[in-house]
Amino acid sequence: MLNPLPPALAITPPNRPLVGRVSPPGSKSITNRALLLAALANGTSRLTGALKSKDTTLMAAALRQMGVTVEEPDATSFVVTSTGRLQQPGGPLFLGNAGTATRFLTAAVATVDGEVIVDGDDEMRVRPIGPLVTALQSLGIDATSPTGCPPVTVRGKGSFGAGRVEIDGGLSSQYVSALLMAAPLGDAQIEVALTGTEIGARGYVELTLAAMRSFGAQVEQVDAGTWLVQPTGYVATDLLVEPDASAATYLWGIEALTGGKIDLGMAADAFTQPDAAAQAIIAQFPDMPAVIDGSQMQDAVPTLAVLAAFNNHPVRFVGIANLRVKETDRIRAVANELNRILPGLGTEEGDDLLVASDPDLAAKVAGRNSRAKIETYHDHRIAMSFALAGLRVPGIVILDPACTGKTYPAYWDMLAALGVELTPTT
């Protein structure tokens with residue numbers, strides 16, 4: 001429908017309930033975990049229901065650079081064939097701004113016999129990775145990152161070592177998942193332990209453990225912050241990837257804002273991903289809680305914040321400091337763009353986000369008779385969440401709509417299929 005995507009899209013409020021059936025794309029989080037684990041397994045693994053997007057394409061390309069065969073027989077499948085060992089690539093691994101791929105591979109390439117450079121784009125080069133590098137060094141792995149961000153140089157010796165490794169998971173659960181997934185390739189048992197009780201989005205660690213066990217890993221959770229991983233390696237397997245819960249939040253948001261009904265083909269409580277918890281909050285719209293803790297559903301916060309703009313009372317988002325080190329500083333970005341719609345709508349208070357909320361927001365913005373050009377900061381979640389505002393508010397224009405290709409390439413086609421008028425503009 002919109003191929004190629006224009007530099008900007010204007011959204012016309014449908015002024016009616018949106019009804020239809022939408023199948024969300026496969027989970028990015030599960031797809032990238034499964035791709036890596038299949039590459040670390042001896043044999044052929046078939047991943048179905050998988051996400052084909054910029055992030056997963058970058059992961060697959062990096063694995064191919066390291067000698068893994070990754071075939072794509074159809075739009076939602078990968079067939080991965082590997083010896084169970086990654087080979088030294090001929091050049092740096094370029095992973096764009098894919099956080100999962102960058103963090104996961106930084107640990108996994110320690111099992112390569114030789115030097116590997118893990119790098120990304122300008123945005124990735126300011127995203128912290130220091131805690132993971134420090135943890136790798138504690139295992140005796142030669143890993144360096146002069147800036148504390150990518151690029152990271154890892155000089156592996158073909159094994160992930162043995163013993164105890166401690167990691168600060170407060171900044172990102174991806175550091176913890178990276179260590180856990182590489183640990184079965186150790187010389188002996190590896191103990192992964194948190195240095196504190198805090199961990200960003202703990203549910204994603206549970207997702208990691210489930211994926212590891214699917215590929216034959218033996219991992220025991222000793223307590224809330226300690227895991228014992230045996231040196232079993234991985235075995236090839238076939239895996240069905242569940243739909244993406246973060247993508248589902250936009251569909252639940254569409255229902256709430258238009259009074260419509262979207263059939264996802266899957267109940268909210270059937271998801272295993274943490275962002276599915278957002279559905280219970282969205283179901284309370286327009287009386288969502290006055291305080292929302294976003295710590296365990298971080299990718300859902302931009303969606304919830306846009307809905308909060310139309311809530312019956314103000315909403316404060318807490319526990320979201322980690323959003324400052326995502327594809328962009330999402331706390332600042334959401335506040336800035338809410339204020340672009342109506343000044344005073346979004347406020348940063350420390351690491352909290354306060355949304356002023358106004359049930360009459362659409363009428364007030366219409367009275368201003370002006371366009372709100374939403375800056376997306378190359379961040380797919382900012383683009384997709386603020387598109388929801390355009391379902392009620394006239395004059396919303398999304399800049400750089402193509403950035404949604406990172407996790408939901410068909411997002412705009414999905415809106416158009418539901419009957420939303422999208423107009424290319426400048």
# chains A, B, ... in the order shown; residues from 1 in each chain; ligands from 1
$ residues_around --residues "range 304-317 of chain A" --least-positions-apart "6" --cutoff "8 Å" --atoms "only C-alpha atoms" --output "count of residues only"
31
$ select_by_dssp --residues "range 127-335 of chain A" --states "strand (DSSP E)" --output "PyMOL selection string"
chain A and resi 142-144+152-157+163-167+190-194+219-223+226-229+234-235+238-240+261-263+291-293+315-318
$ write_last_selection --atoms "C-alpha atoms" --output "mmCIF file, in the first residue's frame"
data_model
loop_
_atom_site.group_PDB
_atom_site.id
_atom_site.type_symbol
_atom_site.label_atom_id
_atom_site.label_comp_id
_atom_site.auth_asym_id
_atom_site.auth_seq_id
_atom_site.Cartn_x
_atom_site.Cartn_y
_atom_site.Cartn_z
ATOM 1 C CA ASP A 142 39.544 -10.437 26.606
ATOM 2 C CA ALA A 143 36.845 -7.839 25.908
ATOM 3 C CA THR A 144 37.324 -4.083 25.540
ATOM 4 C CA VAL A 152 33.287 -3.829 21.515
ATOM 5 C CA THR A 153 36.351 -5.910 20.642
ATOM 6 C CA VAL A 154 36.308 -9.502 21.919
ATOM 7 C CA ARG A 155 39.309 -11.786 21.522
ATOM 8 C CA GLY A 156 37.878 -15.222 22.167
ATOM 9 C CA LYS A 157 39.596 -18.542 22.794
ATOM 10 C CA GLY A 163 33.112 -20.131 37.469
ATOM 11 C CA ARG A 164 31.053 -17.268 38.815
ATOM 12 C CA VAL A 165 30.187 -14.105 36.943
ATOM 13 C CA GLU A 166 28.407 -11.151 38.496
ATOM 14 C CA ILE A 167 26.395 -8.637 36.530
ATOM 15 C CA ILE A 190 28.903 -21.169 35.251
ATOM 16 C CA GLU A 191 27.111 -19.283 38.012
ATOM 17 C CA VAL A 192 25.445 -16.061 36.852
ATOM 18 C CA ALA A 193 24.617 -13.735 39.737
ATOM 19 C CA LEU A 194 23.108 -10.279 40.017
ATOM 20 C CA VAL A 219 19.837 -24.056 33.941
ATOM 21 C CA GLU A 220 18.736 -23.912 37.556
ATOM 22 C CA GLN A 221 17.507 -20.783 39.314
ATOM 23 C CA VAL A 222 19.007 -20.856 42.810
ATOM 24 C CA ASP A 223 17.300 -17.691 44.035
ATOM 25 C CA THR A 226 21.389 -16.447 40.839
ATOM 26 C CA TRP A 227 21.384 -19.083 38.096
ATOM 27 C CA LEU A 228 23.541 -22.199 37.632
ATOM 28 C CA VAL A 229 24.182 -23.114 33.997
ATOM 29 C CA TYR A 234 22.641 -26.663 22.693
ATOM 30 C CA VAL A 235 20.731 -29.095 20.496
ATOM 31 C CA ASP A 238 12.019 -26.562 15.946
ATOM 32 C CA LEU A 239 10.379 -23.585 17.632
ATOM 33 C CA LEU A 240 7.135 -21.701 17.068
ATOM 34 C CA LYS A 261 -12.716 -4.403 18.567
ATOM 35 C CA ILE A 262 -9.542 -5.970 17.196
ATOM 36 C CA ASP A 263 -9.284 -9.754 17.096
ATOM 37 C CA VAL A 291 0.480 5.952 38.940
ATOM 38 C CA ILE A 292 1.786 3.305 36.539
ATOM 39 C CA ASP A 293 4.984 1.376 37.231
ATOM 40 C CA VAL A 315 -0.968 9.737 35.047
ATOM 41 C CA ARG A 316 2.545 9.469 36.468
ATOM 42 C CA PHE A 317 4.876 6.818 35.048
ATOM 43 C CA VAL A 318 7.507 5.550 37.480
#
$ residues_around --residues "Ala10 in chain A" --least-positions-apart "6" --cutoff "10 Å" --atoms "only C-alpha atoms" --output "PDB file with C-alpha atoms, in the first residue's frame"
ATOM      1  CA  ARG A 371      -0.457  20.334  12.511  1.00  0.00           C
ATOM      2  CA  ALA A 372       1.649  18.492  15.046  1.00  0.00           C
ATOM      3  CA  LYS A 373       4.657  17.070  13.242  1.00  0.00           C
ATOM      4  CA  ALA A 387       0.210   7.297  15.449  1.00  0.00           C
ATOM      5  CA  GLY A 390      -3.817  10.571  15.300  1.00  0.00           C
ATOM      6  CA  PRO A 394      -6.618  15.992  13.841  1.00  0.00           C
ATOM      7  CA  GLY A 395      -3.409  17.193  12.266  1.00  0.00           C
ATOM      8  CA  ILE A 396      -1.007  14.515  13.514  1.00  0.00           C
ATOM      9  CA  VAL A 397       1.895  13.961  11.117  1.00  0.00           C
ATOM     10  CA  ILE A 398       4.428  11.192  11.743  1.00  0.00           C
ATOM     11  CA  LEU A 399       7.918  11.961  10.449  1.00  0.00           C
ATOM     12  CA  GLU A 421      -6.692   7.371   6.103  1.00  0.00           C
ATOM     13  CA  LEU A 422      -2.941   7.932   5.762  1.00  0.00           C
ATOM     14  CA  THR A 423      -1.756  10.722   3.482  1.00  0.00           C
ATOM     15  CA  PRO A 424       1.853  11.134   2.313  1.00  0.00           C
ATOM     16  CA  THR A 425       3.030  14.623   3.132  1.00  0.00           C
ATOM     17  CA  THR A 426       6.111  16.711   3.854  1.00  0.00           C
TER      18      THR A 426
END
$ closest_residue --among "A:Gly225, A:Gly140, A:Gly259, A:Gly99" --to "Arg125 in chain A" --atoms "only C-alpha atoms"
A:Gly99
$ closest_atom_pairs --of "range 202-258 of chain A" --to "range 409-418 of chain A" --cutoff "12 Å" --atoms "only C-alpha atoms" --output "JSON lines"
{"residue": "A:Ala247", "atom": "CA", "partner": "A:Tyr411", "partner_atom": "CA", "distance": 8.9}
{"residue": "A:Ala248", "atom": "CA", "partner": "A:Tyr411", "partner_atom": "CA", "distance": 11.1}
{"residue": "A:Tyr250", "atom": "CA", "partner": "A:Tyr411", "partner_atom": "CA", "distance": 9.5}
{"residue": "A:Leu251", "atom": "CA", "partner": "A:Leu415", "partner_atom": "CA", "distance": 9.5}
{"residue": "A:Ile254", "atom": "CA", "partner": "A:Leu415", "partner_atom": "CA", "distance": 9.4}
{"residue": "A:Glu255", "atom": "CA", "partner": "A:Leu418", "partner_atom": "CA", "distance": 11.3}
{"residue": "A:Thr258", "atom": "CA", "partner": "A:Leu418", "partner_atom": "CA", "distance": 11.5}
$ write_last_selection --atoms "C-alpha atoms" --output "PDB file, in the first residue's frame"
ATOM      1  CA  ALA A 247       3.113  -4.866  18.917  1.00  0.00           C
ATOM      2  CA  ALA A 248      -0.147  -6.034  20.472  1.00  0.00           C
ATOM      3  CA  TYR A 250      -0.830  -0.758  19.719  1.00  0.00           C
ATOM      4  CA  LEU A 251      -3.795  -2.929  18.751  1.00  0.00           C
ATOM      5  CA  ILE A 254      -6.634   1.187  18.910  1.00  0.00           C
ATOM      6  CA  GLU A 255      -9.538  -0.581  20.605  1.00  0.00           C
ATOM      7  CA  THR A 258     -11.812   4.236  19.010  1.00  0.00           C
TER       8      THR A 258
END
$ closest_residue --among "A:Val393, A:Lys406, A:Gly67, A:Phe215" --to "Ser370 in chain A" --atoms "only C-alpha atoms"
A:Val393
$ closest_residue --among "A:Val133, A:Val301, A:Met124, A:Ala333" --to "Ser145 in chain A" --atoms "only C-alpha atoms"
A:Val133
$ closest_residue --among "A:Val126, A:Gly148, A:Leu185, A:Lys52" --to "Asp329 in chain A" --atoms "only C-alpha atoms"
A:Val126
$ select_by_dssp --residues "range 363-411 of chain A" --states "alpha helix (DSSP H)" --output "PyMOL selection string"
chain A and resi 363-368+380-389+411
$ write_last_selection --atoms "N, CA and C atoms" --output "compact mmCIF listing (two decimals), in the first residue's frame"
# COMPACT_ATOMS: atom_id res chain seq x y z
N ALA A 363 -10.65 18.04 20.93
CA ALA A 363 -11.36 19.30 20.62
C ALA A 363 -10.45 20.50 20.79
N LYS A 364 -9.61 20.48 21.81
CA LYS A 364 -8.71 21.61 22.04
C LYS A 364 -7.68 21.73 20.92
N VAL A 365 -7.15 20.59 20.49
CA VAL A 365 -6.16 20.62 19.41
C VAL A 365 -6.83 21.06 18.11
N ALA A 366 -8.05 20.58 17.86
CA ALA A 366 -8.77 20.97 16.65
C ALA A 366 -8.98 22.48 16.63
N GLY A 367 -9.24 23.06 17.80
CA GLY A 367 -9.45 24.50 17.88
C GLY A 367 -8.21 25.31 17.55
N ARG A 368 -7.03 24.70 17.73
CA ARG A 368 -5.79 25.39 17.41
C ARG A 368 -5.53 25.39 15.91
N HIS A 380 11.21 3.37 16.42
CA HIS A 380 9.97 2.74 15.97
C HIS A 380 8.84 2.88 16.98
N ARG A 381 9.14 2.82 18.27
CA ARG A 381 8.07 2.86 19.27
C ARG A 381 7.47 4.27 19.40
N ILE A 382 8.27 5.29 19.19
CA ILE A 382 7.72 6.64 19.19
C ILE A 382 6.77 6.82 18.01
N ALA A 383 7.18 6.34 16.84
CA ALA A 383 6.33 6.47 15.65
C ALA A 383 5.01 5.73 15.83
N MET A 384 5.06 4.48 16.28
CA MET A 384 3.84 3.68 16.37
C MET A 384 2.91 4.16 17.47
N SER A 385 3.47 4.55 18.61
CA SER A 385 2.60 5.00 19.70
C SER A 385 1.94 6.33 19.38
N PHE A 386 2.67 7.26 18.79
CA PHE A 386 2.07 8.57 18.49
C PHE A 386 1.11 8.51 17.31
N ALA A 387 1.23 7.49 16.48
CA ALA A 387 0.21 7.30 15.45
C ALA A 387 -1.15 7.07 16.08
N LEU A 388 -1.18 6.47 17.28
CA LEU A 388 -2.45 6.26 17.97
C LEU A 388 -3.12 7.58 18.31
N ALA A 389 -2.32 8.59 18.64
CA ALA A 389 -2.90 9.92 18.94
C ALA A 389 -3.66 10.44 17.73
N TYR A 411 3.20 -2.10 9.82
CA TYR A 411 2.36 -1.31 10.74
C TYR A 411 1.41 -0.38 10.00
$ closest_residue --among "A:Pro184, A:Gly114, A:Pro128, A:Gly260" --to "Ser172 in chain A" --atoms "only C-alpha atoms"
A:Pro128
$ atom_distance --atom1 "CA of Leu342 in chain A" --atom2 "CA of Arg392 in chain A"
13.5 Å
$ closest_residue --among "A:Gly49, A:Gly216, A:Gly20, A:Gly43" --to "Val80 in chain A" --atoms "only C-alpha atoms"
A:Gly43
